[in-house]
$ cat model35.cif   # mmCIF, C-alpha atoms
data_model
loop_
_atom_site.label_atom_id
_atom_site.label_comp_id
_atom_site.auth_asym_id
_atom_site.auth_seq_id
_atom_site.Cartn_x
_atom_site.Cartn_y
_atom_site.Cartn_z
CA MET A 292 0.00 0.00 0.00
CA SER A 293 1.43 3.37 -0.95
CA ILE A 294 1.58 6.49 1.23
CA SER A 295 -0.94 8.37 -0.91
CA ALA A 296 -3.43 5.51 -0.65
CA THR A 297 -3.00 5.39 3.12
CA LEU A 298 -3.41 9.16 3.38
CA SER A 299 -6.52 9.24 1.20
CA SER A 300 -8.15 6.42 3.17
CA ALA A 301 -7.38 8.23 6.43
CA LEU A 302 -8.84 11.48 5.10
CA ASN A 303 -12.00 9.69 3.98
CA ARG A 304 -12.61 8.58 7.55
CA LEU A 305 -12.52 12.14 8.92
CA PRO A 306 -15.89 13.76 9.62
CA ASP A 307 -17.08 16.39 7.17
CA LEU A 308 -15.82 19.79 8.24
CA VAL A 309 -17.97 22.89 8.01
CA ALA A 310 -16.29 25.96 6.57
CA ILE A 311 -16.76 29.15 8.56
CA GLN A 312 -16.17 32.49 6.92
CA VAL A 313 -13.72 34.65 8.85
CA PRO A 314 -13.39 38.34 7.97
CA GLU A 315 -10.04 39.46 6.66
CA PRO A 316 -7.83 41.49 9.02
CA SER A 317 -7.96 44.47 6.65
CA ASN A 318 -11.77 44.59 6.99
CA LEU A 319 -11.50 44.56 10.76
CA ALA A 320 -8.84 47.29 10.67
CA LEU A 321 -11.03 49.50 8.46
CA PHE A 322 -13.99 48.97 10.78
CA ALA A 323 -11.88 49.82 13.86
CA MET A 324 -10.51 52.98 12.21
CA GLY A 325 -14.06 54.05 11.37
CA ILE A 326 -15.17 53.60 14.97
CA VAL A 327 -12.16 55.59 16.23
CA GLY A 328 -12.91 58.34 13.69
CA VAL A 329 -16.50 58.61 14.88
CA MET A 330 -15.36 58.79 18.50
CA LEU A 331 -12.82 61.52 17.75
CA GLY A 332 -15.36 63.45 15.71
CA ARG A 333 -17.81 63.43 18.58
CA ARG A 334 -15.11 64.57 21.00
CA VAL A 335 -14.12 67.48 18.76
CA ALA A 336 -17.76 68.45 18.23
CA ARG A 337 -18.41 68.68 21.98
CA LYS A 338 -15.50 71.06 22.67
CA PRO A 339 -16.25 74.79 22.57
CA LYS A 340 -15.17 76.34 19.29
CA ASN A 341 -13.27 79.18 20.97
CA ALA A 342 -11.59 77.25 23.76
CA ASP A 343 -8.70 79.75 23.99
CA GLN A 344 -11.07 82.68 24.46
CA ALA A 345 -13.11 80.81 27.06
CA ASN A 346 -9.97 80.16 29.14
CA SER A 347 -8.74 83.76 28.93
CA GLN A 348 -12.07 85.17 30.21
CA ASP A 349 -11.76 83.28 33.53
#

$ encode --input "model35.cif" --output "structure tokens"
Amino acid sequence: MSISATLSSALNRLPDLVAIQVPEPSNLALFAMGIVGVMLGRRVARKPKNADQANSQD
């Protein structure tokens, strides 16, 4: 019996595997950068526009 025949018979005995789709790392990185951008945008929007003038009036 050859090695390839032994290997193929062993693989035939394995249970059927179910493929699961995993997102690519670049997709996750783009999603994370978008979330960070939204958070920074909200932080900038909440600050007073004339922060230097507000501090000098105190």

$ atom_distance --input "model35.cif" --atom1 "atom CA of Met324 of chain A" --atom2 "atom CA of Asn341 of chain A"
27.8 Å

$ atom_distance --input "model35.cif" --atom1 "atom CA of Ala323 of chain A" --atom2 "atom CA of Arg337 of chain A"
21.5 Å

$ atom_distance --input "model35.cif" --atom1 "atom CA of Glu315 of chain A" --atom2 "atom CA of Met330 of chain A"
23.3 Å
